[in-house]
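*Asks:* Before we start, here is the structure in question, set down as structure tokens.
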Amino acid sequence: MFWTIPTLMTWARIAAIPLIVGVFYLPLEPATRNLVAAVMFCVFAATDWLDGFLARRLNQTSAFGAFLDPVADKFLVCASLLVLVHLQRVDVFVSLIIIGREIAISALREWMAQIGASKSVAVHMLGKVKTTVQMLAIPFLLFDGHLPGGIDTGVWGTWLIWAAAILTVWSMVYYLRRALPEIRARIGPQGR
């Protein structure tokens, strides 16, 4: 299941990272670099939905694909945030919140899977909303210009990324609260 169409699309999200970063080192006008990076991010981010759809449609779901899909998303988001910090379009504090949460919840999910309690930290709608807001904010911030109708993507992106940071903390608290009974049960009185 390493080379199915859905898995190749997931690999493409990982391969996109050096391409999006590399755009900002090309000898292009800043507005052109911003546009190319934003379009590339949108195209590759769209494969997140498409690879899942195709995996179900073509009956090519696999444990490896289920593992790789969120890893690819996290790589793409974290790399884009680091680019935006470098470009001074995102506050370091916001990036630390989002990246730190991704690491913490990934570790929590791995541990919960090891103890056979992964259902308690299964993906929730709050996490999906957080991801959606992030995926809107990042291309706005990469574009950093004006859309038809006078929409300032820098301003909108900043508001959205702060909203994503708040949702990030909220969803982390939600997952930790869901995991807490299992953690207490495993630790028991002797571990306190």
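Within each chain, counting starts at residue 1; across the structure tokens, chains are named A, B, ... in the order shown, with ligands numbered 1 upward in that order.
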Near stretch 142-153 of chain A, counting only C-alpha atoms, which residues have an atom at most 10 Å away, once you skip same-chain residues fewer than 5 positions from it, shown as a list in words?
*Replies:*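 Here the answer would be Ile20, Pro30, Ala31, Thr32, Arg33, Asn34, Leu35, Val36, Ala37, Ala38, Val39, Phe41, Ser80, Leu81, Val83, Leu84, Leu87, Arg89, Ala137, Thr158, Trp159 and Leu160 of chain A.
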*Asks:* Identify, on the basis of only C-alpha atoms, every residue whose closest approach to A:Val121 does not exceed 6 Å; exclude the query and any residue fewer than 2 positions from it along the same chain; express the result as a PyMOL selection string.
*Replies:* chain A and resi 118-119+175
*Asks:* Smallest atom-to-atom distance to A:Val169: which of A:Phe53, A:Leu76, A:Ala46, A:Arg101, using only C-alpha atoms?
*Replies:* A:Arg101
*Asks:* Find, counting only C-alpha atoms, the residue in A:Pro139, A:Gly100, A:Gly22, A:Gly116 that gets nearest to A:Lys74.
*Replies:*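 For A:Lys74, the nearest of the candidates is A:Gly100.
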*Asks:* Report the residues of stretch 30-191 of chain A whose backbone DSSP state falls under alpha helix (DSSP H), written as a ChimeraX atom specification.
*Replies:* /A:30-57,63-86,92-114,125-143,153-187
*Asks:* Between atom CA of A:Phe67 and atom CA of A:Ser106, what distance in Å does the model show, to one decimal?
*Replies:*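 Computed distance, atom CA of A:Phe67 to atom CA of A:Ser106, equals 10.8 Å.
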*Asks:* Which residue gives the smallest distance to A:Val85 among A:Ala164, A:Val71, A:Leu141, A:Asn59, with only C-alpha atoms counted?
*Replies:*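 Selected residue with least distance to A:Val85: A:Leu141.
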*Asks:* Which neighbours of A:Ala45 fall inside 9 Å, counting only C-alpha atoms, when residues of the same chain fewer than 4 positions from it are skipped, and could you give them as number ranges by chain?
*Replies:* A: 13, 40-41, 49, 73, 76, 135
*Asks:* Expressed in Å to a single decimal, how great is the separation between atom CA of A:Glu110 and atom CA of A:Pro181?
*Replies:* 16.4 Å
*Asks:* For each of A:Val155, A:Gln114, A:Ala79, A:Ala107, take the minimum atom-to-atom distance to A:Ser95, counting only C-alpha atoms, then give the residue where this is smallest.
*Replies:* A:Ala79
*Asks:* Looking at only C-alpha atoms, which of A:Ile138, A:Lys130, A:Leu28, A:Thr10 is the one that sits closest to A:Leu82?
*Replies:*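 For A:Leu82, the nearest of the candidates is A:Ile138.
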*Asks:* Using Å and a single decimal, report how far atom CA of A:Ala55 sits from atom CA of A:Ile5.
*Replies:*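 Separation between atom CA of A:Ile5 and atom CA of A:Ala55: 7.9 Å.
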